[in-house]
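Visitor: Here you go, this is start.cif (mmCIF, C-alpha atoms).
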data_start
loop_
_atom_site.group_PDB
_atom_site.id
_atom_site.type_symbol
_atom_site.label_atom_id
_atom_site.label_comp_id
_atom_site.auth_asym_id
_atom_site.auth_seq_id
_atom_site.Cartn_x
_atom_site.Cartn_y
_atom_site.Cartn_z
ATOM 1 C CA MET G 1 92.959 129.765 103.701
ATOM 2 C CA ALA G 2 91.489 126.247 103.812
ATOM 3 C CA GLU G 3 88.304 127.614 105.364
ATOM 4 C CA ALA G 4 87.736 129.849 102.353
ATOM 5 C CA VAL G 5 88.237 126.923 99.992
ATOM 6 C CA TYR G 6 85.696 124.811 101.910
ATOM 7 C CA LEU G 7 83.119 127.603 101.716
ATOM 8 C CA LEU G 8 83.820 128.316 98.053
ATOM 9 C CA CYS G 9 83.368 124.641 97.212
ATOM 10 C CA ALA G 10 80.045 124.592 99.042
ATOM 11 C CA ALA G 11 78.923 127.780 97.307
ATOM 12 C CA THR G 12 79.937 126.408 93.910
ATOM 13 C CA SER G 13 78.016 123.182 94.513
ATOM 14 C CA LEU G 14 74.941 125.148 95.565
ATOM 15 C CA LEU G 15 75.220 127.375 92.509
ATOM 16 C CA CYS G 16 75.432 124.320 90.250
ATOM 17 C CA ALA G 17 72.410 122.808 91.995
ATOM 18 C CA PHE G 18 70.470 126.054 91.546
ATOM 19 C CA LEU G 19 71.308 126.275 87.844
ATOM 20 C CA LEU G 20 70.412 122.628 87.317
ATOM 21 C CA ALA G 21 67.106 123.152 89.143
ATOM 22 C CA ARG G 22 66.317 126.124 86.946
ATOM 23 C CA ALA G 23 67.106 124.131 83.805
ATOM 24 C CA TRP G 24 65.051 121.202 85.075
ATOM 25 C CA ARG G 25 62.032 123.439 85.662
ATOM 26 C CA ALA G 26 62.275 124.675 82.082
ATOM 27 C CA ASP G 27 62.825 121.313 80.339
ATOM 28 C CA ARG G 28 61.613 118.662 82.827
ATOM 29 C CA GLU G 29 64.509 116.422 81.767
ATOM 30 C CA ARG G 30 65.009 113.751 84.419
ATOM 31 C CA LEU G 31 68.806 113.703 84.185
ATOM 32 C CA LEU G 32 68.853 117.362 85.217
ATOM 33 C CA LEU G 33 66.860 116.450 88.315
ATOM 34 C CA TRP G 34 69.260 113.657 89.304
ATOM 35 C CA SER G 35 72.246 115.911 88.682
ATOM 36 C CA MET G 36 70.695 118.632 90.814
ATOM 37 C CA LEU G 37 70.125 116.197 93.670
ATOM 38 C CA CYS G 38 73.729 115.048 93.371
ATOM 39 C CA PHE G 39 75.013 118.599 93.668
ATOM 40 C CA VAL G 40 72.768 119.303 96.655
ATOM 41 C CA ALA G 41 74.285 116.309 98.428
ATOM 42 C CA LEU G 42 77.799 117.391 97.424
ATOM 43 C CA ALA G 43 77.075 120.844 98.829
ATOM 44 C CA ALA G 44 75.972 119.191 102.065
ATOM 45 C CA ASN G 45 79.223 117.251 102.013
ATOM 46 C CA ASN G 46 81.188 120.481 101.694
ATOM 47 C CA VAL G 47 79.228 122.173 104.468
ATOM 48 C CA LEU G 48 79.854 119.183 106.727
ATOM 49 C CA LEU G 49 83.540 119.403 105.848
ATOM 50 C CA PHE G 50 83.604 123.041 106.926
ATOM 51 C CA VAL G 51 81.776 122.244 110.147
ATOM 52 C CA ASP G 52 84.034 119.268 110.850
ATOM 53 C CA ARG G 53 87.349 120.990 110.166
ATOM 54 C CA VAL G 54 86.668 124.565 111.291
ATOM 55 C CA ILE G 55 83.788 124.829 113.743
ATOM 56 C CA LEU G 56 83.800 121.633 115.815
ATOM 57 C CA PRO G 57 86.647 120.621 118.107
ATOM 58 C CA THR G 58 89.114 118.006 116.927
ATOM 59 C CA THR G 59 87.570 115.349 119.176
ATOM 60 C CA VAL G 60 84.422 115.273 117.007
ATOM 61 C CA ASP G 61 84.722 113.432 113.697
ATOM 62 C CA LEU G 62 82.083 113.899 111.009
ATOM 63 C CA SER G 63 83.921 111.966 108.308
ATOM 64 C CA LEU G 64 81.294 109.205 108.287
ATOM 65 C CA TYR G 65 78.487 111.722 107.700
ATOM 66 C CA ARG G 66 80.519 113.518 105.048
ATOM 67 C CA SER G 67 81.156 110.241 103.268
ATOM 68 C CA LEU G 68 77.489 109.283 103.476
ATOM 69 C CA ALA G 69 76.442 112.617 101.959
ATOM 70 C CA ALA G 70 78.889 112.169 99.083
ATOM 71 C CA LEU G 71 77.840 108.543 98.598
ATOM 72 C CA PHE G 72 74.176 109.544 98.573
ATOM 73 C CA GLY G 73 74.823 112.245 95.980
ATOM 74 C CA LEU G 74 76.826 110.030 93.684
ATOM 75 C CA GLY G 75 74.316 107.234 94.171
ATOM 76 C CA MET G 76 71.517 109.531 93.063
ATOM 77 C CA LEU G 77 73.451 110.504 89.949
ATOM 78 C CA LEU G 78 74.277 106.877 89.173
ATOM 79 C CA PHE G 79 70.641 105.900 89.659
ATOM 80 C CA GLY G 80 69.573 108.685 87.298
ATOM 81 C CA LEU G 81 72.078 107.640 84.666
ATOM 82 C CA ILE G 82 70.932 104.025 84.819
ATOM 83 C CA TRP G 83 67.237 105.023 84.885
ATOM 84 C CA ASP G 84 67.570 107.245 81.807
ATOM 85 C CA SER G 85 69.589 104.734 79.814
ATOM 86 C CA ALA G 86 66.865 102.077 80.055
#
Now, as a test, write the supplied structure out as structure tokens.

Guide:
Amino acid sequence: MAEAVYLLCAATSLLCAFLLARAWRADRERLLLWSMLCFVALAANNVLLFVDRVILPTTVDLSLYRSLAALFGLGMLLFGLIWDSA
């Protein structure tokens, strides 16, 4: 059951990124671009979670890479919010 949740979270993040990319192409609003990049990184985080918990053996730990992907995504969104507020 957990495997399905991991995949659904990744699919949802990718869908959000796709919809944000489509909206960004139409409006060219920078905040949409930063949000899209955030969701791409969060989708990568979810894919790494699936790989870490389901595919790889328990001796391999990808938690550092998962955390870096999430940190990168949230950092991009924070950068975009600060950039657009100035």

Visitor: Might you pull out every residue within 10 Å of G:Phe50, with all atoms listed in the file counted and same-chain residues fewer than 2 positions away left off, and present them as a ChimeraX atom specification?

Guide: /G:2-7,9-10,44-48,52-56

Visitor: So that I have them on file, write out the residues from the current selection with C-alpha atoms, as a PDB file, in the coordinates of the input.

Guide:
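The file below, selection.pdb, is the result:
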ATOM      1  CA  ALA G   2      91.489 126.247 103.812  1.00  0.00           C
ATOM      2  CA  GLU G   3      88.304 127.614 105.364  1.00  0.00           C
ATOM      3  CA  ALA G   4      87.736 129.849 102.353  1.00  0.00           C
ATOM      4  CA  VAL G   5      88.237 126.923  99.992  1.00  0.00           C
ATOM      5  CA  TYR G   6      85.696 124.811 101.910  1.00  0.00           C
ATOM      6  CA  LEU G   7      83.119 127.603 101.716  1.00  0.00           C
ATOM      7  CA  CYS G   9      83.368 124.641  97.212  1.00  0.00           C
ATOM      8  CA  ALA G  10      80.045 124.592  99.042  1.00  0.00           C
ATOM      9  CA  ALA G  44      75.972 119.191 102.065  1.00  0.00           C
ATOM     10  CA  ASN G  45      79.223 117.251 102.013  1.00  0.00           C
ATOM     11  CA  ASN G  46      81.188 120.481 101.694  1.00  0.00           C
ATOM     12  CA  VAL G  47      79.228 122.173 104.468  1.00  0.00           C
ATOM     13  CA  LEU G  48      79.854 119.183 106.727  1.00  0.00           C
ATOM     14  CA  ASP G  52      84.034 119.268 110.850  1.00  0.00           C
ATOM     15  CA  ARG G  53      87.349 120.990 110.166  1.00  0.00           C
ATOM     16  CA  VAL G  54      86.668 124.565 111.291  1.00  0.00           C
ATOM     17  CA  ILE G  55      83.788 124.829 113.743  1.00  0.00           C
ATOM     18  CA  LEU G  56      83.800 121.633 115.815  1.00  0.00           C
TER      19      LEU G  56
END

Visitor: Go through stretch 35-54 of chain G residue by residue and, counting all atoms listed in the file, keep those with an atom at most 6 Å from stretch 12-23 of chain G; for each kept residue give the shortest atom pair and its distance in Å to one decimal, ordered by chain and increasing number, as JSON lines.

Guide:
{"residue": "G:Met36", "atom": "CA", "partner": "G:Ala17", "partner_atom": "CA", "distance": 4.7}
{"residue": "G:Phe39", "atom": "CA", "partner": "G:Ala17", "partner_atom": "CA", "distance": 5.2}
{"residue": "G:Val40", "atom": "CA", "partner": "G:Ala17", "partner_atom": "CA", "distance": 5.8}
{"residue": "G:Ala43", "atom": "CA", "partner": "G:Ser13", "partner_atom": "CA", "distance": 5.0}

Visitor: Out of G:Leu42, G:Leu49, G:Leu31, G:Leu64, which residue has the shortest atom-to-atom distance to G:Leu78 when counting all atoms listed in the file?

Guide: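 Of G:Leu42, G:Leu49, G:Leu31, G:Leu64, the one nearest G:Leu78 is G:Leu31, counting all atoms listed in the file.
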
Visitor: Kindly indicate which residue among G:Met1, G:Trp24, G:Pro57, G:Ser85 lies nearest to G:Leu37, using only C-alpha atoms for the distances.

Guide: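 Using only C-alpha atoms, the shortest distance to G:Leu37 belongs to G:Trp24.
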
Visitor: Can you work out which one of G:Thr59, G:Arg30, G:Val51, G:Leu8 has the shortest atom-to-atom distance to G:Ile82, counting all atoms listed in the file?

Guide: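 Among G:Thr59, G:Arg30, G:Val51, G:Leu8, it is G:Arg30 that comes nearest to G:Ile82.
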